[in-house]
file final-v5.pdb (PDB, C-alpha atoms (C1' of nucleotides))
MODEL        1
ATOM      1  CA  MET Z   1       0.244  -4.488  -0.259
ATOM      2  CA  PRO Z   2       2.213  -1.440   0.427
ATOM      3  CA  GLU Z   3       3.734  -0.186   3.637
ATOM      4  CA  GLY Z   4       7.482   0.413   3.785
ATOM      5  CA  HIS Z   5       8.372  -3.260   4.123
ATOM      6  CA  THR Z   6       6.654  -3.993   0.778
ATOM      7  CA  LEU Z   7       8.623  -1.304  -1.024
ATOM      8  CA  HIS Z   8      11.976  -2.327   0.432
ATOM      9  CA  ARG Z   9      11.340  -5.944  -0.426
ATOM     10  CA  LEU Z  10      10.275  -4.918  -3.900
ATOM     11  CA  ALA Z  11      13.385  -2.773  -4.356
ATOM     12  CA  ALA Z  12      15.608  -5.683  -3.326
ATOM     13  CA  THR Z  13      13.742  -8.042  -5.656
ATOM     14  CA  LEU Z  14      13.963  -5.650  -8.604
ATOM     15  CA  ASP Z  15      17.622  -4.979  -7.848
ATOM     16  CA  ALA Z  16      18.426  -8.698  -7.882
ATOM     17  CA  ALA Z  17      16.449  -9.225 -11.081
ATOM     18  CA  PHE Z  18      17.427  -6.183 -13.143
ATOM     19  CA  ALA Z  19      20.515  -4.364 -11.808
ATOM     20  CA  GLY Z  20      23.395  -4.613 -14.258
ATOM     21  CA  THR Z  21      21.187  -5.706 -17.126
ATOM     22  CA  ARG Z  22      19.911  -3.908 -20.190
ATOM     23  CA  THR Z  23      16.176  -3.676 -19.637
ATOM     24  CA  ARG Z  24      13.253  -3.222 -21.944
ATOM     25  CA  VAL Z  25      10.610  -0.830 -20.616
ATOM     26  CA  SER Z  26       7.116  -0.730 -22.056
ATOM     27  CA  SER Z  27       3.565   0.246 -21.172
ATOM     28  CA  PRO Z  28       1.234  -2.527 -22.338
ATOM     29  CA  GLN Z  29      -1.751  -0.582 -21.015
ATOM     30  CA  GLY Z  30      -0.577   2.523 -22.888
ATOM     31  CA  ARG Z  31      -0.684   5.126 -20.126
ATOM     32  CA  PHE Z  32       3.093   5.340 -19.660
ATOM     33  CA  THR Z  33       4.201   5.124 -23.267
ATOM     34  CA  ASP Z  34       6.240   8.337 -23.314
ATOM     35  CA  GLY Z  35       8.002   7.599 -20.023
ATOM     36  CA  ALA Z  36       8.759   4.036 -21.068
ATOM     37  CA  ALA Z  37      10.416   5.303 -24.259
ATOM     38  CA  LEU Z  38      12.813   7.429 -22.175
ATOM     39  CA  LEU Z  39      14.050   4.352 -20.305
ATOM     40  CA  ASP Z  40      13.726   1.533 -22.825
ATOM     41  CA  GLY Z  41      16.931  -0.350 -23.550
ATOM     42  CA  ARG Z  42      19.024   1.311 -20.863
ATOM     43  CA  LEU Z  43      21.147  -0.428 -18.263
ATOM     44  CA  VAL Z  44      19.550  -0.608 -14.823
ATOM     45  CA  GLU Z  45      21.983   0.506 -12.135
ATOM     46  CA  SER Z  46      19.961  -0.158  -8.993
ATOM     47  CA  ALA Z  47      16.563  -0.275  -7.336
ATOM     48  CA  ARG Z  48      16.139   1.275  -3.884
ATOM     49  CA  ALA Z  49      13.323   2.349  -1.571
ATOM     50  CA  TRP Z  50      12.924   5.122   0.985
ATOM     51  CA  GLY Z  51       9.699   5.026   2.947
ATOM     52  CA  LYS Z  52       7.005   4.092   0.439
ATOM     53  CA  HIS Z  53       8.873   5.538  -2.564
ATOM     54  CA  LEU Z  54      10.614   3.274  -5.047
ATOM     55  CA  PHE Z  55      13.412   4.423  -7.350
ATOM     56  CA  VAL Z  56      14.840   2.364 -10.182
ATOM     57  CA  THR Z  57      17.983   4.098 -11.383
ATOM     58  CA  PHE Z  58      18.866   3.721 -15.058
ATOM     59  CA  GLU Z  59      22.091   4.750 -16.737
ATOM     60  CA  GLY Z  60      22.212   8.356 -17.891
ATOM     61  CA  GLU Z  61      20.789   9.792 -14.632
ATOM     62  CA  ARG Z  62      17.244   8.796 -15.332
ATOM     63  CA  LEU Z  63      15.144   7.280 -12.583
ATOM     64  CA  LEU Z  64      11.819   5.500 -12.587
ATOM     65  CA  ASN Z  65       9.922   6.815  -9.572
ATOM     66  CA  VAL Z  66       7.006   4.692  -8.369
ATOM     67  CA  HIS Z  67       4.544   5.138  -5.534
ATOM     68  CA  LEU Z  68       2.129   2.236  -5.209
ATOM     69  CA  GLY Z  69      -0.514   4.185  -3.336
ATOM     70  CA  LEU Z  70      -3.134   2.066  -1.647
ATOM     71  CA  ILE Z  71      -3.728  -0.506  -4.334
ATOM     72  CA  GLY Z  72      -0.622  -0.637  -6.510
ATOM     73  CA  VAL Z  73       1.188  -3.916  -7.167
ATOM     74  CA  PHE Z  74       4.570  -4.505  -8.819
ATOM     75  CA  ASP Z  75       4.803  -8.220  -9.651
ATOM     76  CA  VAL Z  76       8.300  -9.573 -10.295
ATOM     77  CA  SER Z  77       8.780 -13.052 -11.664
ATOM     78  CA  GLY Z  78      11.537 -15.050 -13.254
ATOM     79  CA  TYR Z  79      10.530 -16.655 -16.525
ATOM     80  CA  ALA Z  80      13.867 -18.104 -17.551
ATOM     81  CA  VAL Z  81      15.904 -18.261 -14.368
ATOM     82  CA  GLY Z  82      18.438 -21.086 -14.506
ATOM     83  CA  SER Z  83      17.766 -22.073 -18.084
ATOM     84  CA  PRO Z  84      16.753 -20.239 -21.259
ATOM     85  CA  SER Z  85      13.012 -20.272 -21.772
ATOM     86  CA  ALA Z  86      11.667 -21.450 -25.102
ATOM     87  CA  VAL Z  87       8.312 -19.808 -24.516
ATOM     88  CA  GLY Z  88       9.555 -16.383 -23.439
ATOM     89  CA  PRO Z  89       7.911 -13.993 -21.013
ATOM     90  CA  PRO Z  90       4.199 -14.362 -20.229
ATOM     91  CA  PRO Z  91       1.819 -11.930 -21.935
ATOM     92  CA  PRO Z  92       0.703  -9.021 -19.719
ATOM     93  CA  VAL Z  93      -2.598  -9.596 -17.915
ATOM     94  CA  GLY Z  94      -4.873  -6.739 -16.903
ATOM     95  CA  ALA Z  95      -3.946  -3.067 -16.722
ATOM     96  CA  VAL Z  96      -0.158  -3.254 -16.812
ATOM     97  CA  ARG Z  97       1.052   0.339 -16.799
ATOM     98  CA  VAL Z  98       4.753  -0.534 -16.854
ATOM     99  CA  ARG Z  99       6.571  -3.704 -17.794
ATOM    100  CA  LEU Z 100      10.283  -4.219 -17.148
ATOM    101  CA  LEU Z 101      11.812  -7.072 -19.073
ATOM    102  CA  ASN Z 102      15.231  -8.629 -19.444
ATOM    103  CA  ASP Z 103      16.467 -12.077 -20.454
ATOM    104  CA  THR Z 104      15.454 -13.675 -17.177
ATOM    105  CA  HIS Z 105      12.849 -11.586 -15.399
ATOM    106  CA  VAL Z 106       9.652  -9.691 -16.019
ATOM    107  CA  ALA Z 107       8.081  -7.107 -13.706
ATOM    108  CA  ASP Z 108       4.541  -5.757 -14.180
ATOM    109  CA  LEU Z 109       3.273  -2.626 -12.444
ATOM    110  CA  ARG Z 110      -0.451  -2.038 -11.911
ATOM    111  CA  GLY Z 111      -2.512   0.488  -9.982
ATOM    112  CA  ALA Z 112       0.276   2.806  -8.848
ATOM    113  CA  THR Z 113      -0.580   6.437  -8.085
ATOM    114  CA  VAL Z 114       2.827   7.784  -9.104
ATOM    115  CA  VAL Z 115       4.808   6.612 -12.124
ATOM    116  CA  ASP Z 116       7.371   9.126 -13.371
ATOM    117  CA  VAL Z 117      10.720   9.423 -15.063
ATOM    118  CA  ILE Z 118      12.756  11.844 -12.952
ATOM    119  CA  ALA Z 119      16.278  13.260 -12.571
ATOM    120  CA  PRO Z 120      18.509  12.858  -9.481
ATOM    121  CA  GLU Z 121      17.608  16.368  -8.272
ATOM    122  CA  GLN Z 122      13.934  15.446  -8.159
ATOM    123  CA  GLN Z 123      14.761  12.286  -6.238
ATOM    124  CA  ALA Z 124      16.687  14.406  -3.730
ATOM    125  CA  ALA Z 125      13.653  16.659  -3.335
ATOM    126  CA  ILE Z 126      11.414  13.667  -2.585
ATOM    127  CA  LEU Z 127      13.869  12.260  -0.060
ATOM    128  CA  ALA Z 128      14.155  15.656   1.623
ATOM    129  CA  ARG Z 129      10.427  15.575   2.372
ATOM    130  CA  LEU Z 130      10.630  12.209   4.121
ATOM    131  CA  GLY Z 131      11.200  11.597   7.800
ATOM    132  CA  PRO Z 132      13.508   8.872   9.094
ATOM    133  CA  ASP Z 133      12.870   5.375   7.738
ATOM    134  CA  PRO Z 134      13.256   2.503  10.248
ATOM    135  CA  LEU Z 135      14.482   0.350   7.362
ATOM    136  CA  HIS Z 136      17.381   2.766   6.892
ATOM    137  CA  ALA Z 137      18.228   2.849  10.607
ATOM    138  CA  GLY Z 138      21.918   3.416  11.216
ATOM    139  CA  GLU Z 139      22.286   5.656   8.176
ATOM    140  CA  PRO Z 140      22.739   9.410   8.698
ATOM    141  CA  GLY Z 141      19.488  11.126   9.669
ATOM    142  CA  HIS Z 142      17.576   7.893  10.148
ATOM    143  CA  ASP Z 143      17.040   8.022  13.901
ATOM    144  CA  THR Z 144      14.499   9.644  16.241
ATOM    145  CA  ALA Z 145      16.073  13.103  16.459
ATOM    146  CA  ARG Z 146      14.042  14.801  13.731
ATOM    147  CA  SER Z 147      10.758  13.090  14.592
ATOM    148  CA  LEU Z 148      11.068  13.940  18.284
ATOM    149  CA  ALA Z 149      11.561  17.587  17.391
ATOM    150  CA  LYS Z 150       8.356  17.490  15.313
ATOM    151  CA  LEU Z 151       6.396  15.736  18.045
ATOM    152  CA  ALA Z 152       7.343  18.347  20.608
ATOM    153  CA  ARG Z 153       5.769  21.090  18.512
ATOM    154  CA  THR Z 154       2.337  19.650  17.729
ATOM    155  CA  ASP Z 155      -0.952  18.690  19.313
ATOM    156  CA  ARG Z 156      -1.886  16.355  16.456
ATOM    157  CA  PRO Z 157      -2.651  12.864  17.795
ATOM    158  CA  VAL Z 158       0.189  10.362  17.808
ATOM    159  CA  ALA Z 159      -1.832   7.957  15.640
ATOM    160  CA  GLU Z 160      -1.890  10.628  12.933
ATOM    161  CA  LEU Z 161       1.793  11.463  13.354
ATOM    162  CA  LEU Z 162       2.832   7.836  12.946
ATOM    163  CA  MET Z 163       1.258   7.866   9.475
ATOM    164  CA  ASP Z 164       2.741  11.222   8.477
ATOM    165  CA  GLN Z 165       5.568  10.381   6.087
ATOM    166  CA  SER Z 166       7.455  13.540   6.979
ATOM    167  CA  VAL Z 167       7.545  12.346  10.604
ATOM    168  CA  LEU Z 168       8.282   8.659   9.954
ATOM    169  CA  ALA Z 169       8.776   7.228   6.483
ATOM    170  CA  GLY Z 170       7.330   3.820   5.676
ATOM    171  CA  VAL Z 171       4.803   3.312   8.451
ATOM    172  CA  GLY Z 172       1.230   2.711   7.296
ATOM    173  CA  ASN Z 173      -2.076   1.889   8.894
ATOM    174  CA  VAL Z 174      -1.279  -1.675   9.993
ATOM    175  CA  TYR Z 175       2.090  -0.931  11.587
ATOM    176  CA  ARG Z 176       0.716   2.161  13.327
ATOM    177  CA  CYS Z 177      -2.270   0.371  14.867
ATOM    178  CA  GLU Z 178      -0.213  -2.621  15.935
ATOM    179  CA  LEU Z 179       2.703  -0.587  17.312
ATOM    180  CA  LEU Z 180       0.441   1.650  19.378
ATOM    181  CA  TRP Z 181      -1.141  -1.488  20.804
ATOM    182  CA  ARG Z 182       2.211  -3.181  21.459
ATOM    183  CA  HIS Z 183       3.358  -0.138  23.423
ATOM    184  CA  LYS Z 184      -0.015   0.427  25.147
ATOM    185  CA  VAL Z 185      -0.148   3.967  23.780
ATOM    186  CA  ASP Z 186      -3.395   5.936  23.603
ATOM    187  CA  PRO Z 187      -3.751   6.784  19.881
ATOM    188  CA  PHE Z 188      -5.193  10.207  20.693
ATOM    189  CA  THR Z 189      -2.240  11.396  22.768
ATOM    190  CA  PRO Z 190      -1.143  14.795  21.415
ATOM    191  CA  GLY Z 191       2.343  14.738  19.947
ATOM    192  CA  ARG Z 192       3.813  17.049  22.570
ATOM    193  CA  ARG Z 193       2.531  14.767  25.345
ATOM    194  CA  VAL Z 194       4.215  11.634  23.990
ATOM    195  CA  ARG Z 195       7.145  10.704  26.196
ATOM    196  CA  THR Z 196      10.548  10.677  24.545
ATOM    197  CA  GLN Z 197      11.157   7.180  25.846
ATOM    198  CA  THR Z 198       7.838   5.926  24.485
ATOM    199  CA  TRP Z 199       8.622   7.262  21.023
ATOM    200  CA  GLN Z 200      12.132   5.811  21.171
ATOM    201  CA  LEU Z 201      10.749   2.386  22.103
ATOM    202  CA  ILE Z 202       8.269   2.539  19.206
ATOM    203  CA  TRP Z 203      11.102   3.455  16.818
ATOM    204  CA  ASP Z 204      13.349   0.666  18.174
ATOM    205  CA  ASP Z 205      10.472  -1.775  17.765
ATOM    206  CA  LEU Z 206       9.943  -0.695  14.141
ATOM    207  CA  VAL Z 207      13.665  -1.106  13.483
ATOM    208  CA  ASP Z 208      13.327  -4.636  14.846
ATOM    209  CA  LEU Z 209      10.019  -5.597  13.201
ATOM    210  CA  MET Z 210      10.122  -4.051   9.747
ATOM    211  CA  PRO Z 211      13.079  -6.135   8.474
ATOM    212  CA  ILE Z 212      11.046  -9.210   9.411
ATOM    213  CA  GLY Z 213       8.225  -7.780   7.299
ATOM    214  CA  VAL Z 214      10.685  -7.395   4.417
ATOM    215  CA  ALA Z 215      12.005 -10.941   4.806
ATOM    216  CA  PHE Z 216       8.561 -12.551   4.860
ATOM    217  CA  GLY Z 217       6.665 -10.089   2.690
ATOM    218  CA  GLN Z 218       4.138  -9.674   5.445
ATOM    219  CA  ILE Z 219       3.571  -7.468   8.466
ATOM    220  CA  ILE Z 220       4.355  -9.616  11.495
ATOM    221  CA  THR Z 221       3.706  -8.050  14.909
ATOM    222  CA  LEU Z 222       2.230 -10.790  17.122
ATOM    223  CA  ASP Z 223       4.902 -11.810  19.625
ATOM    224  CA  ASP Z 224       4.738 -15.552  19.002
ATOM    225  CA  GLN Z 225       4.950 -15.037  15.235
ATOM    226  CA  VAL Z 226       7.811 -12.577  15.698
ATOM    227  CA  MET Z 227       9.753 -15.127  17.727
ATOM    228  CA  GLN Z 228       9.176 -17.881  15.183
ATOM    229  CA  ALA Z 229      10.132 -15.579  12.326
ATOM    230  CA  LYS Z 230      13.373 -14.576  14.010
ATOM    231  CA  ALA Z 231      14.246 -18.217  14.650
ATOM    232  CA  MET Z 232      13.633 -19.025  10.982
ATOM    233  CA  LEU Z 233      15.800 -16.130   9.816
ATOM    234  CA  ALA Z 234      18.570 -17.089  12.237
ATOM    235  CA  GLY Z 235      18.449 -20.705  11.058
ATOM    236  CA  SER Z 236      18.563 -19.857   7.380
ATOM    237  CA  PRO Z 237      22.119 -20.200   6.069
ATOM    238  CA  GLY Z 238      23.240 -17.214   4.063
ATOM    239  CA  HIS Z 239      20.539 -15.253   2.332
ATOM    240  CA  LEU Z 240      19.089 -17.915   0.041
ATOM    241  CA  VAL Z 241      15.978 -20.028   0.434
ATOM    242  CA  GLU Z 242      14.176 -22.449  -1.858
ATOM    243  CA  TRP Z 243      11.963 -20.737  -4.403
ATOM    244  CA  GLN Z 244       8.398 -21.868  -3.804
ATOM    245  CA  GLY Z 245       6.512 -20.988  -6.929
ATOM    246  CA  GLY Z 246       6.312 -19.057 -10.148
ATOM    247  CA  ARG Z 247       5.044 -15.891  -8.579
ATOM    248  CA  GLU Z 248       5.673 -14.314  -5.235
ATOM    249  CA  GLY Z 249       3.053 -15.423  -2.758
ATOM    250  CA  GLU Z 250       1.789 -18.308  -4.832
ATOM    251  CA  ARG Z 251       2.456 -21.822  -3.713
ATOM    252  CA  GLY Z 252       3.652 -24.131  -6.414
ATOM    253  CA  ARG Z 253       6.013 -26.958  -7.156
ATOM    254  CA  PRO Z 254       9.670 -26.160  -6.594
ATOM    255  CA  ALA Z 255      11.179 -25.302  -9.943
ATOM    256  CA  GLY Z 256      14.000 -27.776 -10.216
ATOM    257  CA  GLY Z 257      15.775 -26.778  -7.045
ATOM    258  CA  GLN Z 258      16.127 -23.183  -8.205
ATOM    259  CA  ARG Z 259      17.407 -20.940  -5.473
ATOM    260  CA  ARG Z 260      16.136 -17.444  -4.992
ATOM    261  CA  PRO Z 261      16.999 -14.632  -2.604
ATOM    262  CA  ALA Z 262      15.600 -14.720   0.931
ATOM    263  CA  TYR Z 263      13.387 -11.720   0.375
ATOM    264  CA  GLU Z 264      11.275 -13.942  -1.843
ATOM    265  CA  ARG Z 265      10.645 -16.238   1.072
ATOM    266  CA  VAL Z 266       7.013 -17.361   1.205
ATOM    267  CA  SER Z 267       5.411 -16.572   4.551
ATOM    268  CA  PRO Z 268       4.084 -19.542   6.522
ATOM    269  CA  PHE Z 269       2.236 -17.224   8.899
ATOM    270  CA  PRO Z 270      -1.503 -16.539   8.807
ATOM    271  CA  ARG Z 271      -2.328 -12.846   8.560
ATOM    272  CA  GLU Z 272      -3.271 -12.180  12.147
ATOM    273  CA  TYR Z 273      -3.066  -8.961  14.085
ATOM    274  CA  ALA Z 274      -3.760  -7.831  17.633
ATOM    275  CA  VAL Z 275      -6.099  -4.952  16.776
ATOM    276  CA  TYR Z 276      -6.009  -4.206  13.042
ATOM    277  CA  LYS Z 277      -9.394  -4.985  11.463
ATOM    278  CA  ARG Z 278     -10.656  -6.644  14.644
ATOM    279  CA  PRO Z 279     -13.306  -4.185  15.889
ATOM    280  CA  GLY Z 280     -15.738  -5.690  18.387
ATOM    281  CA  GLN Z 281     -13.449  -8.630  19.088
ATOM    282  CA  ALA Z 282     -11.538  -9.196  22.309
ATOM    283  CA  CYS Z 283      -8.231  -7.461  22.974
ATOM    284  CA  PRO Z 284      -5.601 -10.243  23.104
ATOM    285  CA  ARG Z 285      -4.118  -8.631  26.211
ATOM    286  CA  CYS Z 286      -7.033  -7.525  28.375
ATOM    287  CA  GLY Z 287     -10.119  -8.985  26.697
ATOM    288  CA  SER Z 288     -11.822  -5.641  26.290
ATOM    289  CA  ARG Z 289     -13.887  -5.024  23.133
ATOM    290  CA  LEU Z 290     -11.624  -3.503  20.480
ATOM    291  CA  ARG Z 291     -12.723  -0.204  18.986
ATOM    292  CA  THR Z 292     -12.505   1.470  15.596
ATOM    293  CA  GLN Z 293     -12.840   5.049  14.442
ATOM    294  CA  VAL Z 294     -11.885   6.978  11.345
ATOM    295  CA  LEU Z 295      -8.914   9.213  12.113
ATOM    296  CA  ALA Z 296      -7.534  11.515   9.435
ATOM    297  CA  GLY Z 297      -9.371   9.546   6.781
ATOM    298  CA  ARG Z 298      -8.107   6.124   7.826
ATOM    299  CA  ASN Z 299      -9.587   3.386   9.983
ATOM    300  CA  LEU Z 300      -7.931   3.298  13.369
ATOM    301  CA  PHE Z 301      -8.208   0.182  15.522
ATOM    302  CA  TRP Z 302      -7.275   0.131  19.197
ATOM    303  CA  CYS Z 303      -8.070  -1.089  22.682
ATOM    304  CA  GLY Z 304      -9.634   1.621  24.826
ATOM    305  CA  ARG Z 305      -8.808  -0.164  28.053
ATOM    306  CA  CYS Z 306      -5.123  -1.101  27.909
ATOM    307  CA  GLN Z 307      -3.831   1.608  25.557
ATOM    308  CA  ARG Z 308      -3.514   4.421  28.064
ATOM    309  CA  ARG Z 309       0.142   5.326  27.956
ATOM    310  CA  HIS Z 310       1.700   8.504  26.687
TER     311      HIS Z 310
ATOM    312  C1'  DG F   1     -24.218  -7.665 -12.451
ATOM    313  C1'  DT F   2     -23.007  -3.996  -9.170
ATOM    314  C1'  DT F   3     -20.887  -2.230  -5.006
ATOM    315  C1'  DT F   4     -17.353  -2.029  -1.788
ATOM    316  C1'  DA F   5     -12.977  -2.129   0.422
ATOM    317  C1'  DA F   6      -7.942  -1.992   0.433
ATOM    318  C1'  DT F   7      -1.365  -1.756   4.209
ATOM    319  C1'  DG F   8      -1.901   5.891   0.218
ATOM    320  C1'  DG F   9      -1.703  10.540  -0.698
ATOM    321  C1'  DG F  10      -2.530  14.870  -3.332
ATOM    322  C1'  DT F  11      -5.531  18.779  -4.105
ATOM    323  C1'  DA F  12      -9.567  21.506  -3.535
ATOM    324  C1'  DT F  13     -13.180  23.403  -0.352
TER     325       DT F  13
ATOM    326  C1'  DT P   1     -13.579  17.344   5.501
ATOM    327  C1'  DA P   2     -14.505  15.997   0.737
ATOM    328  C1'  DC P   3     -13.212  14.240  -3.351
ATOM    329  C1'  DC P   4     -10.004  12.547  -6.705
ATOM    330  C1'  DC P   5      -6.709   9.057  -8.758
ATOM    331  C1'  DC P   6      -4.987   4.132  -9.455
ATOM    332  C1'  DT P   7      -6.897  -1.575  -9.950
ATOM    333  C1'  DT P   8      -8.663  -5.848  -8.443
ATOM    334  C1'  DA P   9     -11.151  -9.234  -5.896
ATOM    335  C1'  DA P  10     -14.472 -10.278  -2.638
ATOM    336  C1'  DA P  11     -18.993  -9.292  -1.128
ATOM    337  C1'  DC P  12     -23.176  -7.976  -2.207
ATOM    338  C1'  DT P  13     -27.995  -8.060  -5.067
TER     339       DT P  13
ENDMDL
END
call {"tool": "encode", "arguments": {"input": "final-v5.pdb", "output": "structure tokens"}}
result
Amino acid sequence: MPEGHTLHRLAATLDAAFAGTRTRVSSPQGRFTDGAALLDGRLVESARAWGKHLFVTFEGERLLNVHLGLIGVFDVSGYAVGSPSAVGPPPPVGAVRVRLLNDTHVADLRGATVVDVIAPEQQAAILARLGPDPLHAGEPGHDTARSLAKLARTDRPVAELLMDQSVLAGVGNVYRCELLWRHKVDPFTPGRRVRTQTWQLIWDDLVDLMPIGVAFGQIITLDDQVMQAKAMLAGSPGHLVEWQGGREGERGRPAGGQRRPAYERVSPFPREYAVYKRPGQACPRCGSRLRTQVLAGRNLFWCGRCQRRH
DNA sequence: GTTTAATGGGTAT
DNA sequence: TACCCCTTAAACT
């Protein structure tokens, strides 16, 4: 589910599956019929993500803009990769708002909060609202300069600022809780009291961790898992790994040695976090009882004993 | 069978 | 701060 790593992985998956191909666009559920008609049959140029926003660019300066919200899912699967399929694409299951289809792949979108056909100017307006994205680090504007300037001018708590997409694009509730814990930062520290160095270290950590999240399709922040993940990525030749099943995340028999891009790697790691969703349990670092509290409408999880830094 | 929770965010009050 | 939207699956009764 969707923080920035999910969207970037999705963009890469869609790009590999659809870029350069003429793509059918439909709305099996019927709530995107008009938009689908505007895109149907056009060539897909690219799929890219900034923060939690996904853009699929079609020929003729038309873009499909998707925001998954809290519960959206965009499932991409290959139904005839390697050899032509006699059976064709699978029928849509459930409330499929948008289906992308070409000769090899099918992608079904469900539950998204934003699904729009937009022009390049509207995309520019969306991007202008976003803060720097750790997954675009190294590109112009994607560093800590802008976010530090914002921090210096506000008393809003750092835990709220980390989730503000105009401060940092792509960070969600899991990354924010885990990063604050990793850096021993008190979630309630007012923005202007956060040390420049602390914020820089958090940013550098996100730049390091989020690509691992993209590669494994999972937020990985526990140090031992991070080390194992890095070793696996370093040991993987090129960018290809064995495809593990019919659908992302599902285990299944290898489909005849088919090779798929690394971003479809299946994660071997259990979903474990230091503080996220562990209220009442022991802090992995100091053993103190972990706490939870709703902050700005979202559940915050932290350790009240060892998160004291600013 | 019904309720709830979920890695989000916009708009109204 | 409250409420709204989107959808599904797990947790309740």
call {"tool": "atom_distance", "arguments": {"input": "final-v5.pdb", "atom1": "atom CA of Z:Tyr79", "atom2": "atom CA of Z:Pro91"}}
result
11.3 Å
call {"tool": "atom_distance", "arguments": {"input": "final-v5.pdb", "atom1": "atom CA of Z:Leu68", "atom2": "atom CA of Z:Pro2"}}
result
6.7 Å
call {"tool": "resolve_selection", "arguments": {"input": "final-v5.pdb", "expression": "the PyMOL selection byres ((chain P and resi 4) around 10)", "output": "PyMOL selection string"}}
result
(chain F and resi 10-12) or (chain P and resi 2-3+5)
call {"tool": "write_last_selection", "arguments": {"input": "final-v5.pdb", "atoms": "C-alpha atoms (C1' of nucleotides)", "output": "mmCIF file, in the frame of the given file"}}
result
data_model
loop_
_atom_site.group_PDB
_atom_site.id
_atom_site.type_symbol
_atom_site.label_atom_id
_atom_site.label_comp_id
_atom_site.auth_asym_id
_atom_site.auth_seq_id
_atom_site.Cartn_x
_atom_site.Cartn_y
_atom_site.Cartn_z
ATOM 1 C "C1'" DG F 10 -2.530 14.870 -3.332
ATOM 2 C "C1'" DT F 11 -5.531 18.779 -4.105
ATOM 3 C "C1'" DA F 12 -9.567 21.506 -3.535
ATOM 4 C "C1'" DA P 2 -14.505 15.997 0.737
ATOM 5 C "C1'" DC P 3 -13.212 14.240 -3.351
ATOM 6 C "C1'" DC P 5 -6.709 9.057 -8.758
#
call {"tool": "residues_near_point", "arguments": {"input": "final-v5.pdb", "point": "(-8.3, -1.8, -11.2)", "cutoff": "12 Å", "atoms": "all atoms listed in the file", "output": "list in words"}}
result
Gln29, Leu70, Ile71, Gly72, Val73, Val93, Gly94, Ala95, Val96, Arg97, Leu109, Arg110, Gly111, Ala112 and Thr113 of chain Z; DA6 of chain F; DC5, DC6, DT7, DT8 and DA9 of chain P
call {"tool": "closest_atom_pairs", "arguments": {"input": "final-v5.pdb", "of": "chain Z", "to": "chain F", "cutoff": "12 Å", "atoms": "all atoms listed in the file", "output": "CSV"}}
result
residue,atom,partner,partner_atom,distance
Z:Met1,CA,F:DT7,C1',5.5
Z:Pro2,CA,F:DT7,C1',5.2
Z:Glu3,CA,F:DT7,C1',5.4
Z:Gly4,CA,F:DT7,C1',9.1
Z:His5,CA,F:DT7,C1',9.9
Z:Thr6,CA,F:DT7,C1',9.0
Z:Leu7,CA,F:DT7,C1',11.3
Z:Gly51,CA,F:DG8,C1',11.9
Z:Lys52,CA,F:DG8,C1',9.1
Z:His53,CA,F:DG8,C1',11.1
Z:His67,CA,F:DG8,C1',8.7
Z:Leu68,CA,F:DG8,C1',7.7
Z:Gly69,CA,F:DG8,C1',4.2
Z:Leu70,CA,F:DG8,C1',4.4
Z:Ile71,CA,F:DA6,C1',6.5
Z:Gly72,CA,F:DG8,C1',9.5
Z:Val73,CA,F:DT7,C1',11.9
Z:Gly111,CA,F:DG8,C1',11.6
Z:Ala112,CA,F:DG8,C1',9.8
Z:Thr113,CA,F:DG8,C1',8.4
Z:Val114,CA,F:DG9,C1',9.9
Z:Met163,CA,F:DG8,C1',10.0
Z:Asp164,CA,F:DG9,C1',10.2
Z:Gln165,CA,F:DG9,C1',9.9
Z:Gly170,CA,F:DT7,C1',10.4
Z:Val171,CA,F:DT7,C1',9.0
Z:Gly172,CA,F:DT7,C1',6.0
Z:Asn173,CA,F:DT7,C1',6.0
Z:Val174,CA,F:DT7,C1',5.8
Z:Tyr175,CA,F:DT7,C1',8.2
Z:Arg176,CA,F:DT7,C1',10.1
Z:Cys177,CA,F:DT7,C1',10.9
Z:Glu178,CA,F:DT7,C1',11.8
Z:Gly213,CA,F:DT7,C1',11.7
Z:Gly217,CA,F:DT7,C1',11.7
Z:Gln218,CA,F:DT7,C1',9.7
Z:Ile219,CA,F:DT7,C1',8.7
Z:Arg271,CA,F:DT7,C1',12.0
Z:Tyr276,CA,F:DT7,C1',10.3
Z:Lys277,CA,F:DT7,C1',11.3
Z:Ala296,CA,F:DG9,C1',11.7
Z:Gly297,CA,F:DG8,C1',10.6
Z:Arg298,CA,F:DG8,C1',9.8
Z:Asn299,CA,F:DA6,C1',11.1
call {"tool": "residues_near_point", "arguments": {"input": "final-v5.pdb", "point": "(3.8, 11.7, 17.7)", "cutoff": "12 Å", "atoms": "all atoms listed in the file", "output": "ChimeraX atom specification"}}
result
/Z:144,146-168,176,180,185-200,202-203,310
call {"tool": "resolve_selection", "arguments": {"input": "final-v5.pdb", "expression": "the PyMOL selection byres ((chain Z and resi 284) around 12)", "output": "ChimeraX atom specification"}}
result
/Z:178,181-182,222-223,272-276,278,281-283,285-290,302-303,305-306
call {"tool": "resolve_selection", "arguments": {"input": "final-v5.pdb", "expression": "the PyMOL selection byres ((chain Z and resi 206) around 9)", "output": "list in words"}}
result
Pro134, Leu135, Val171, Tyr175, Leu179, Leu201, Ile202, Trp203, Asp204, Asp205, Val207, Asp208, Leu209, Met210 and Pro211 of chain Z
call {"tool": "decode", "arguments": {"input": "final-v5.pdb", "residues": "stretch 3-12 of chain F", "atoms": "C-alpha atoms (C1' of nucleotides)", "output": "compact mmCIF listing (two decimals), in the first residue's frame"}}
result
# COMPACT_ATOMS: atom_id res chain seq x y z
C1' DT F 3 -18.09 -3.36 11.64
C1' DT F 4 -13.58 -1.79 11.43
C1' DA F 5 -9.10 -0.52 9.89
C1' DA F 6 -5.74 0.72 6.34
C1' DT F 7 1.19 3.09 4.37
C1' DG F 8 -4.08 9.56 2.13
C1' DG F 9 -5.90 13.89 1.46
C1' DG F 10 -9.49 17.37 0.30
C1' DT F 11 -13.15 20.31 1.98
C1' DA F 12 -16.26 22.14 5.30
